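**Q** Here you go, this is final-v1.cif (mmCIF, C-alpha atoms).
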data_query
loop_
_atom_site.label_atom_id
_atom_site.label_comp_id
_atom_site.auth_asym_id
_atom_site.auth_seq_id
_atom_site.Cartn_x
_atom_site.Cartn_y
_atom_site.Cartn_z
CA MET U 1 78.35 -80.54 -153.94
CA THR U 2 78.87 -82.15 -150.58
CA ASN U 3 76.63 -83.98 -148.13
CA THR U 4 78.57 -82.61 -145.18
CA PRO U 5 76.06 -80.70 -142.93
CA LEU U 6 76.82 -76.97 -142.75
CA MET U 7 75.16 -76.46 -139.33
CA ASP U 8 75.14 -78.03 -135.91
CA GLY U 9 73.72 -81.55 -136.11
CA HIS U 10 71.38 -81.08 -133.15
CA VAL U 11 69.87 -77.93 -134.66
CA ARG U 12 69.58 -79.58 -138.08
CA ASP U 13 67.83 -82.65 -136.68
CA LYS U 14 65.41 -80.46 -134.72
CA ILE U 15 64.49 -78.46 -137.83
CA ILE U 16 63.97 -81.59 -139.93
CA ALA U 17 61.84 -83.16 -137.19
CA ASP U 18 59.65 -80.06 -136.76
CA PRO U 19 59.97 -77.57 -139.66
CA ASP U 20 56.94 -75.62 -138.41
CA LEU U 21 59.24 -74.08 -135.81
CA LEU U 22 60.90 -72.11 -138.58
CA LEU U 23 57.67 -71.19 -140.32
CA ASP U 24 56.18 -69.80 -137.09
CA ASP U 25 59.21 -67.66 -136.28
CA GLN U 26 58.88 -64.33 -138.12
CA ASP U 27 62.47 -63.21 -137.49
CA ILE U 28 63.95 -66.42 -138.91
CA MET U 29 61.67 -66.32 -141.95
CA LYS U 30 62.65 -62.68 -142.62
CA ALA U 31 66.32 -63.66 -142.44
CA LEU U 32 65.79 -66.57 -144.86
CA VAL U 33 63.86 -64.40 -147.35
CA ALA U 34 66.56 -61.71 -147.19
CA ALA U 35 69.27 -64.29 -147.79
CA ASN U 36 67.33 -65.65 -150.76
CA GLU U 37 67.01 -62.17 -152.26
CA GLN U 38 70.73 -61.57 -151.88
CA SER U 39 71.52 -64.84 -153.62
CA MET U 40 69.34 -63.86 -156.59
CA GLY U 41 71.17 -60.58 -157.13
CA GLY U 42 69.89 -57.04 -157.54
CA ASN U 43 68.62 -57.39 -161.12
CA ILE U 44 65.81 -59.83 -160.25
CA VAL U 45 62.49 -58.59 -158.84
CA ASP U 46 60.94 -61.11 -156.45
CA LEU U 47 57.21 -60.48 -156.80
CA ARG U 48 56.43 -63.22 -154.33
CA GLY U 49 58.62 -61.50 -151.75
CA ILE U 50 56.88 -58.16 -152.34
CA ALA U 51 53.48 -59.83 -151.93
CA MET U 52 54.61 -61.46 -148.71
CA GLU U 53 55.80 -58.12 -147.33
CA ARG U 54 52.43 -56.56 -148.06
CA LEU U 55 50.59 -59.46 -146.47
CA GLU U 56 52.85 -59.22 -143.44
CA ALA U 57 52.15 -55.48 -143.08
CA ARG U 58 48.41 -56.13 -143.38
CA LEU U 59 48.64 -58.88 -140.74
CA ASP U 60 50.45 -56.51 -138.38
CA ARG U 61 47.68 -53.94 -138.79
CA LEU U 62 45.03 -56.59 -138.13
CA GLU U 63 46.83 -57.72 -134.99
CA ASP U 64 47.03 -54.12 -133.74
CA THR U 65 43.31 -53.67 -134.40
CA HIS U 66 42.56 -56.95 -132.65
CA ARG U 67 44.50 -55.87 -129.56
CA SER U 68 42.75 -52.49 -129.55
CA VAL U 69 39.30 -54.11 -129.76
CA ILE U 70 40.11 -56.49 -126.91
CA ALA U 71 41.46 -53.65 -124.77
CA ALA U 72 38.33 -51.58 -125.43
CA ALA U 73 36.10 -54.54 -124.56
CA TYR U 74 37.87 -55.09 -121.25
CA GLU U 75 37.69 -51.37 -120.47
CA ASN U 76 33.98 -51.30 -121.26
CA LEU U 77 33.37 -54.36 -119.08
CA ALA U 78 35.26 -52.77 -116.19
CA GLY U 79 33.23 -49.57 -116.58
CA THR U 80 29.98 -51.55 -116.62
CA ASN U 81 30.94 -53.33 -113.41
CA GLN U 82 31.81 -50.01 -111.77
CA VAL U 83 28.46 -48.45 -112.63
CA HIS U 84 26.54 -51.54 -111.51
CA ARG U 85 28.29 -51.52 -108.13
CA ALA U 86 27.62 -47.80 -107.74
CA VAL U 87 23.92 -48.29 -108.55
CA LEU U 88 23.58 -51.07 -106.00
CA ARG U 89 25.17 -48.82 -103.38
CA LEU U 90 22.68 -46.06 -104.16
CA LEU U 91 19.79 -48.45 -103.69
CA ASP U 92 21.06 -49.59 -100.29
CA ALA U 93 20.29 -46.28 -98.54
CA THR U 94 17.18 -46.13 -96.35
CA GLN U 95 17.53 -42.45 -95.34
CA PHE U 96 18.25 -39.39 -97.43
CA GLU U 97 21.25 -38.31 -95.35
CA VAL U 98 22.73 -41.79 -95.72
CA PHE U 99 22.04 -41.58 -99.45
CA LEU U 100 24.01 -38.33 -99.72
CA HIS U 101 26.80 -39.65 -97.50
CA ASP U 102 27.16 -42.73 -99.71
CA LEU U 103 27.14 -40.51 -102.78
CA LYS U 104 30.26 -38.62 -101.75
CA GLY U 105 31.82 -41.72 -100.18
CA ASP U 106 31.41 -45.25 -101.53
CA VAL U 107 29.72 -44.25 -104.79
CA ALA U 108 32.42 -41.69 -105.63
CA ASP U 109 35.13 -44.20 -104.71
CA THR U 110 33.55 -46.91 -106.86
CA LEU U 111 33.37 -44.59 -109.87
CA ARG U 112 36.90 -43.33 -109.10
CA VAL U 113 35.99 -39.65 -109.10
CA ASP U 114 37.36 -37.05 -106.73
CA VAL U 115 34.20 -34.99 -106.25
CA MET U 116 30.52 -35.88 -106.48
CA LYS U 117 28.09 -32.95 -106.22
CA LEU U 118 24.30 -32.94 -106.41
CA VAL U 119 22.80 -29.61 -107.50
CA LEU U 120 19.09 -28.97 -106.94
CA GLU U 121 17.35 -25.99 -108.46
CA SER U 122 14.91 -24.18 -106.18
CA GLN U 123 12.87 -21.00 -106.17
CA GLU U 124 14.19 -20.46 -102.65
CA ALA U 125 17.92 -20.85 -103.19
CA GLY U 126 18.90 -19.04 -100.01
CA ASP U 127 21.04 -20.30 -97.16
CA ASP U 128 19.51 -23.33 -95.48
CA PRO U 129 21.19 -24.86 -92.40
CA ALA U 130 20.24 -28.37 -93.56
CA VAL U 131 21.79 -27.76 -96.98
CA ALA U 132 24.86 -26.11 -95.47
CA LYS U 133 25.38 -29.20 -93.33
CA MET U 134 25.75 -31.30 -96.51
CA GLY U 135 27.46 -28.59 -98.53
CA ASP U 136 30.29 -30.86 -99.67
CA VAL U 137 27.83 -33.03 -101.61
CA LEU U 138 24.63 -30.96 -101.96
CA SER U 139 24.07 -27.50 -103.39
CA VAL U 140 20.89 -25.50 -104.05
CA ALA U 141 20.85 -23.07 -106.97
CA GLU U 142 18.45 -20.69 -108.66
CA PRO U 143 16.23 -21.95 -111.53
CA GLY U 144 18.14 -22.27 -114.81
CA TYR U 145 21.52 -22.72 -113.14
CA CYS U 146 22.05 -26.31 -114.34
CA ASP U 147 21.48 -25.53 -118.02
CA ALA U 148 23.67 -22.44 -117.78
CA TYR U 149 26.47 -24.45 -116.16
CA VAL U 150 26.36 -27.24 -118.74
CA THR U 151 26.18 -24.94 -121.76
CA ARG U 152 28.42 -22.22 -120.25
CA GLY U 153 25.83 -19.68 -121.29
CA ARG U 154 25.79 -20.69 -124.96
CA ASP U 155 22.61 -21.23 -126.96
CA VAL U 156 23.07 -24.96 -127.54
CA PRO U 157 20.96 -28.03 -126.72
CA VAL U 158 21.50 -29.54 -123.27
CA ARG U 159 22.39 -33.22 -123.40
CA GLN U 160 21.59 -35.53 -120.51
CA VAL U 161 25.28 -36.36 -120.14
CA THR U 162 28.09 -33.92 -120.90
CA LEU U 163 31.73 -34.99 -120.66
CA ARG U 164 34.50 -32.43 -120.87
CA GLN U 165 37.94 -31.33 -119.76
CA VAL U 166 37.73 -28.24 -117.59
CA LYS U 167 39.46 -25.87 -115.29
CA PRO U 168 36.48 -24.74 -113.17
CA GLN U 169 35.94 -21.16 -112.12
CA ASP U 170 32.64 -21.82 -110.31
CA GLN U 171 33.17 -22.37 -106.58
CA LYS U 172 29.51 -23.44 -106.13
CA ILE U 173 30.24 -26.91 -107.50
CA TYR U 174 33.72 -27.75 -106.27
CA GLY U 175 34.37 -25.27 -103.48
CA ASP U 176 38.03 -25.20 -102.44
CA LYS U 177 38.76 -28.18 -104.73
CA ALA U 178 38.01 -26.22 -107.91
CA ASP U 179 41.70 -25.52 -108.60
CA TYR U 180 42.42 -29.25 -108.81
CA MET U 181 39.62 -30.40 -111.10
CA ARG U 182 40.60 -31.13 -114.71
CA SER U 183 37.65 -33.07 -116.15
CA GLU U 184 34.00 -33.55 -115.29
CA ALA U 185 30.79 -35.36 -116.16
CA CYS U 186 27.55 -33.37 -115.87
CA LEU U 187 24.41 -35.50 -115.59
CA LYS U 188 21.16 -33.58 -116.12
CA LEU U 189 18.38 -34.91 -113.87
CA ASP U 190 14.62 -34.86 -114.45
CA PHE U 191 12.66 -35.19 -111.21
CA GLY U 192 9.23 -35.34 -112.81
CA ALA U 193 6.34 -33.04 -113.61
CA GLY U 194 6.02 -29.97 -111.41
CA ARG U 195 9.60 -30.15 -110.12
CA LEU U 196 12.63 -28.15 -111.17
CA PRO U 197 15.51 -30.15 -112.68
CA GLY U 198 18.80 -30.96 -111.01
CA MET U 199 22.29 -32.00 -111.94
CA LEU U 200 24.84 -34.50 -110.71
CA VAL U 201 28.43 -33.45 -111.31
CA MET U 202 31.40 -35.83 -111.14
CA GLY U 203 34.77 -34.11 -111.02
CA SER U 204 38.22 -35.61 -111.43
CA GLU U 205 41.79 -34.41 -111.13
CA ASP U 206 42.60 -36.65 -114.11
CA PRO U 207 42.14 -34.61 -117.33
CA HIS U 208 41.57 -37.82 -119.30
CA LEU U 209 38.91 -39.45 -117.10
CA PHE U 210 36.09 -37.59 -118.88
CA THR U 211 36.52 -36.40 -122.47
CA PRO U 212 33.97 -35.55 -125.19
CA GLN U 213 35.15 -38.51 -127.32
CA GLN U 214 33.98 -41.08 -124.76
CA GLY U 215 30.68 -42.93 -124.91
CA THR U 216 27.93 -41.91 -122.52
CA ASP U 217 25.70 -45.03 -122.41
CA LEU U 218 26.79 -46.15 -118.94
CA LEU U 219 26.51 -42.69 -117.39
CA THR U 220 23.12 -42.21 -119.06
CA PHE U 221 21.97 -45.40 -117.36
CA PHE U 222 23.41 -44.21 -114.04
CA ALA U 223 21.64 -40.85 -114.42
CA GLY U 224 18.35 -42.64 -115.10
CA VAL U 225 18.67 -44.73 -111.94
CA PHE U 226 19.76 -41.73 -109.90
CA GLU U 227 16.88 -39.48 -110.92
CA ARG U 228 14.33 -42.22 -110.24
CA THR U 229 15.85 -42.74 -106.80
CA MET U 230 15.71 -38.99 -106.14
CA ARG U 231 12.02 -38.89 -107.11
CA ARG U 232 11.39 -41.38 -104.32
CA TRP U 233 13.14 -39.13 -101.79
CA LEU U 234 11.47 -35.96 -103.06
CA SER U 235 8.03 -37.51 -102.81
#
Now, as a test, write the supplied structure out as structure tokens.
**A**
Amino acid sequence: MTNTPLMDGHVRDKIIADPDLLLDDQDIMKALVAANEQSMGGNIVDLRGIAMERLEARLDRLEDTHRSVIAAAYENLAGTNQVHRAVLRLLDATQFEVFLHDLKGDVADTLRVDVMKLVLESQEAGDDPAVAKMGDVLSVAEPGYCDAYVTRGRDVPVRQVTLRQVKPQDQKIYGDKADYMRSEACLKLDFGAGRLPGMLVMGSEDPHLFTPQQGTDLLTFFAGVFERTMRRWLS
């Protein structure tokens, strides 16, 4: 045995003064545990070491879950702020044409979508010069069109908000931009008793912006505000 230090004196003094530095460093602790196992030989099972490895693996999983929860919370907060700003912009309009212009402009930009299209069902779905003038944001369709578009002709319930990845074939919604759309959100609109329904479609070139696995609470709220605003214009 010898009292001669086997490491640099400065490092040794620092460790003695603050041993928590070693305990908080995972790489150093792994190296020390490995060295201890080697010194014991291969015929000895270190149950404490096995338990520590399992605890370490569990801690890593908890940290990953923690980071995922925080990331999801920030993403949800950002989405909430986006929808709130879009709603405030909708409420700013004092004329219907301004309302539609904002819809395809500032509102679409705020929600980060490439196309915003309002579809109104009507018994008279013919060519109307006023509608044609706003054709990039407004479309008039025959009764039943919105449900057929959302369900793609299948006999399934129509949800208020439908999120999906698509490659559109219908030029009525996206026009010459149909080839570029990869995901969409379809918001079914109820304009009140005695009126045919409508639909607000948000299209994106990003295939991951709208997917069926996403929550719909924020867009349901947006649809509720939008349809109430439209009732004011329609009245």
**Q** Using only C-alpha atoms, determine which residues lie at most 7 Å from range 75-89 of chain U, disregarding the query and same-chain residues fewer than 6 positions distant; provide the list as number ranges by chain.
**A** U: 107, 110-111, 218, 222
**Q** Output the selection as a short mmCIF file (atom, residue, chain, number, x, y, z; two decimals), in the frame of the given file - C-alpha atoms for each residue.
**A**
data_model
loop_
_atom_site.label_atom_id
_atom_site.label_comp_id
_atom_site.auth_asym_id
_atom_site.auth_seq_id
_atom_site.Cartn_x
_atom_site.Cartn_y
_atom_site.Cartn_z
CA VAL U 107 29.72 -44.25 -104.79
CA THR U 110 33.55 -46.91 -106.86
CA LEU U 111 33.37 -44.59 -109.87
CA LEU U 218 26.79 -46.15 -118.94
CA PHE U 222 23.41 -44.21 -114.04
#
**Q** Which one of U:Leu103, U:Leu196, U:Ile173, U:Gln214 sits closest to Phe226 in chain U if you count all atoms listed in the file?
**A**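 Selected residue with least distance to Phe226 in chain U: U:Leu103.
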**Q** Evaluate the PyMOL selection byres ((chain U and resi 229) around 12) and record the selected residues as number ranges by chain, following the chain and residue labels used in the document.
**A** U: 87-96, 99-100, 189-192, 222-228, 230-235
**Q** What gap, in Å, lies between CA of Ser68 in chain U and CA of Arg182 in chain U?
**A**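 Computing the Euclidean distance for CA of Ser68 in chain U and CA of Arg182 in chain U yields 26.1 Å.
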**Q** Taking all atoms listed in the file into account, name the residue in U:Val201, U:Gly144, U:Glu63, U:Glu53 that is nearest to Lys104 in chain U.
**A**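 Among U:Val201, U:Gly144, U:Glu63, U:Glu53, it is U:Val201 that comes nearest to Lys104 in chain U.
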**Q** What is the CA of Asp136 in chain U-CA of Leu120 in chain U distance in Å, reported with one decimal?
**A** 13.5 Å
**Q** One decimal, Å: what's the distance from CA of Asp18 in chain U over to CA of Ala35 in chain U, could you say?
**A**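 Between CA of Asp18 in chain U and CA of Ala35 in chain U the gap is 21.5 Å.
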**Q** Taking a cut-off of 12 Å and counting only C-alpha atoms, can you build a table that, for each residue of range 49-153 of chain U near range 21-29 of chain U, reports the nearest atom pair and how far apart they are in Å (one decimal), sorted by chain then residue number, as CSV?
**A**
residue,atom,partner,partner_atom,distance
U:Gly49,CA,U:Met29,CA,11.3
U:Met52,CA,U:Met29,CA,10.9
U:Glu53,CA,U:Met29,CA,11.4
U:Glu56,CA,U:Gln26,CA,9.5
U:Leu59,CA,U:Gln26,CA,11.9
U:Asp60,CA,U:Gln26,CA,11.5
**Q** Can you find the residues with an atom no farther than 10 Å from (31.6, -26.9, -104.9), counting all atoms listed in the file, and report them as a PyMOL selection string?
**A** chain U and resi 115-119+135-139+168+170-178+201+203
**Q** Evaluate the PyMOL selection byres ((chain U and resi 206-209) around 9) on the structure here and hand back the selected residues as a compact mmCIF listing (two decimals) with C-alpha atoms, keeping the file's coordinate frame.
**A**
# COMPACT_ATOMS: atom_id res chain seq x y z
CA VAL U 113 35.99 -39.65 -109.10
CA ARG U 164 34.50 -32.43 -120.87
CA GLN U 165 37.94 -31.33 -119.76
CA VAL U 166 37.73 -28.24 -117.59
CA MET U 181 39.62 -30.40 -111.10
CA ARG U 182 40.60 -31.13 -114.71
CA SER U 183 37.65 -33.07 -116.15
CA GLU U 184 34.00 -33.55 -115.29
CA GLY U 203 34.77 -34.11 -111.02
CA SER U 204 38.22 -35.61 -111.43
CA GLU U 205 41.79 -34.41 -111.13
CA PHE U 210 36.09 -37.59 -118.88
CA THR U 211 36.52 -36.40 -122.47
**Q** Place a sphere of radius 9 Å on (31.4, -39.7, -123.9) in the file coordinates and name every protein, DNA or RNA residue with an atom inside or on its surface, counting all atoms listed in the file; give the answer as a PyMOL selection string.
**A** chain U and resi 161-164+185+210-217+219
